[in-house]
Every structure is written in structure tokens, then in C-alpha cells.
Amino acid sequence: MPESELDEMIFLVELLNKYPIESIRKIAQSEGIDYYYLKRLYDKYYDHISVYAIYNIKRLGLHSYLAFLSVPRENLRETAEKLKANPFVLSVSAMFGFKNGINVIMHIPTEQQDLMGEYLSRFSDDFEYYEVRAYPPSGDDNFGEWDLSYSYAVLMDILKWDARTPLSEISKKLGKSRPTVRYMIDRLKKEDILLGYGAALDNDMADRSVVGIASTLNEDVFERFKEYEIHVGVLKGAGYYLEWYFSSNEDLAEKIFEFGKYAEKVAIMYLDMLRDIEEKYKLWRFSGMVKKDGSGYRSILDF
């Protein structure tokens, strides 16, 4: 059995990755674990764990974009607040490096990609942005569209925030019966929108990251930094995006020196600086993007 609190949390996360939406009693029975022991762990640590729905944004006609904006330090929080009030903005982070200001991650509908420059110019005169795809690239350029009612957008936000939300609570929020909610969830699965569920420990230890933009990818980077959490993306027509996560307790200069060998542009993300703004709008996503009549997405310029 786990010995420390961290071991207990990791143990619980591993179980919830295996059984993300099953009841604690069913998990205990399936794994041969004492129910009362597992219930105690669950009640103690669940507030520190995220169990979330995983969606196929390509099926929904959404493109992932990264943007880097120069913003004066005195305007940083005000600008971040305005950006994050837009549901198409997934995250905002303070950055210092090839741009001093804010890094933005956005999901943009296919037909609105040409509005990115106009939107970002509201917040900065100095910015750059890129469409980012998964690495290695699939070559699939077939994007879908939003073709569901608005209730599905609300449901998807609920499952993204907490996939273990009881059906009775979801039913109440949607004003629909439990069988109807089950049908809606099944439909999301059948239409390849809801791909599954994941569980992760809410880890505040990784409060910094180094990001880089590289014209070519040196794949030695995967072996060199295998002990770190690393993200790699393909910037459409512009190279590659690299990001490594670490703690502020580690040597910052060393990280810049080491990671800078693999990228032409480098910056440090201060992931904790705007975390309260991130938390404020964490439920504001699909239900903000989609028109109330379900006819498609609102404009990114509406916000």
C-alpha cells in the first residue's frame, strides 16, 4: 500500500485513470481493495485531482493556435483578464523572452482563422501567432463543425471540469432526465467527439516552463530531457514548438542555456503568475463558444 501522501495521491490517480467514471464501490470490488480505505483516500484527495473528458477538437472544427504578445508589465493582469474572458482562449501565461508579455493558447473555428490578427491587435501592437498541430503530424486536414444543440455545449463543459459529476446533478443543470443525459453522452462517443477520460494530479510544483520555437526539430531533445515533462508541436508552415516544465526551485539560467540549444526563440513562462485568472474562467468554454440556438460558433470578436 502507498506510504506517503504523495504516494497515496498517485495511487488514486492511477486507479481513476483505469476507472475514471466508475463508482468507488465498483473500483474497490474490481481491484480487491477495502472499500472504506479507498473511500477515505477519495474523500481526502479528490479536490487535488482532475478527472476530465477528452474531446476531439478536430471533429468540432476547432484549430489550436499559439500566440505571443508583447504587453507592458503594468498592463499584464488587466490584459490577461480581458483575454481569458473569451471562451476561445484556453489559457494565458506570463512570458519573458523573445516576447515580454503573455502567451495565449486558443481554439479557433475553421471559418474564423483569418480573424486572429484582428483579434490579437486589440491587446498588443507586437504579436505573433501560429497554428499548432500534434507531433508527429498525421497529415489529416479534415476538420468537422459544430452540429449539436446548445445543451451539448453545457454538458461538455461539465464533463471537462469534472467527469465524475453525478448524472443526477448533470440532469438538474441541463433540465433533462437522466436517460436523456445518458443518451447525450453516448452520442458524443458515437460521433467521435468524446474520446474518453483522463485523471491527473493537480501539480503546482511545475510552475515554470521554457518554451522555444525551432525551424527544425532535433529529435535528440526527447532523450536529453526525458526526465522532464515535455510538449512538442508542429507549427503549420513555421517549424516546431517545444515546451519543458519545471519548478521555480530549479536553476532558471541553466534551463535557458540547455534548452536554448534546440530553438532559435526562447522564453520563460511563469505559470503561477496568472493562475487566479485561469481559475476564474475555468468553466467558460464550449457553453461560451456556441450560439444559444446551436447553429454554430460565436465570433471570436464578440468578446
# chains A, B, ... in the order shown; residues from 1 in each chain; ligands from 1
call {"tool": "closest_atom_pairs", "arguments": {"of": "stretch 56-135 of chain A", "to": "stretch 217-237 of chain A", "cutoff": "7 Å", "atoms": "only C-alpha atoms", "output": "CSV"}}
result
residue,atom,partner,partner_atom,distance
A:Tyr130,CA,A:Leu235,CA,6.0
A:Glu131,CA,A:Lys236,CA,5.6
A:Val132,CA,A:Leu235,CA,4.5
A:Arg133,CA,A:Val234,CA,5.0
A:Ala134,CA,A:Gly233,CA,5.1
A:Tyr135,CA,A:Gly233,CA,5.1
call {"tool": "closest_atom_pairs", "arguments": {"of": "stretch 135-228 of chain A", "to": "stretch 50-67 of chain A", "cutoff": "10 Å", "atoms": "only C-alpha atoms", "output": "tab-separated table"}}
result
residue	atom	partner	partner_atom	distance
A:Asp140	CA	A:Lys58	CA	9.6
A:Asp141	CA	A:Lys58	CA	8.8
A:Asn142	CA	A:Lys58	CA	7.6
A:Phe143	CA	A:Gly61	CA	4.9
A:Gly144	CA	A:Gly61	CA	4.4
A:Glu145	CA	A:Gly61	CA	4.3
A:Trp146	CA	A:Leu60	CA	5.3
A:Asp147	CA	A:Leu60	CA	8.2
A:Leu148	CA	A:Leu60	CA	9.7
A:Met156	CA	A:Ala53	CA	7.8
A:Asp157	CA	A:Ala53	CA	8.9
A:Ile158	CA	A:Ala53	CA	8.9
A:Leu159	CA	A:Ala53	CA	5.5
A:Lys160	CA	A:Ala53	CA	4.7
A:Trp161	CA	A:Tyr52	CA	5.9
A:Asp162	CA	A:Tyr52	CA	5.4
A:Ala163	CA	A:Tyr52	CA	5.0
A:Arg164	CA	A:Val51	CA	6.8
A:Thr165	CA	A:Val51	CA	9.6
A:Leu188	CA	A:Tyr55	CA	9.1
A:Lys189	CA	A:Tyr55	CA	9.4
A:Glu191	CA	A:Arg59	CA	8.6
A:Asp192	CA	A:Asn56	CA	6.9
A:Ile193	CA	A:Asn56	CA	5.0
A:Leu194	CA	A:Tyr55	CA	4.8
A:Leu195	CA	A:Ile54	CA	5.5
A:Gly196	CA	A:Ile54	CA	5.4
A:Tyr197	CA	A:Ala53	CA	4.5
A:Gly198	CA	A:Tyr52	CA	5.5
A:Ala199	CA	A:Val51	CA	4.3
A:Ala200	CA	A:Ser50	CA	5.3
A:Leu201	CA	A:Ser50	CA	6.3
A:Asp202	CA	A:Ser50	CA	6.5
call {"tool": "atom_distance", "arguments": {"atom1": "atom CA of A:Met95", "atom2": "atom CA of A:Leu115"}}
result
23.4 Å
call {"tool": "residues_around", "arguments": {"residues": "A:Tyr297", "least_positions_apart": "5", "cutoff": "10 Å", "atoms": "only C-alpha atoms", "output": "list in words"}}
result
Gly61, Leu62, Phe88, Ile108, Pro109, Glu111, Gln112, Glu145, Trp146, Asp147, Phe286, Ser287, Gly288, Met289, Val290, Lys291 and Lys292 of chain A
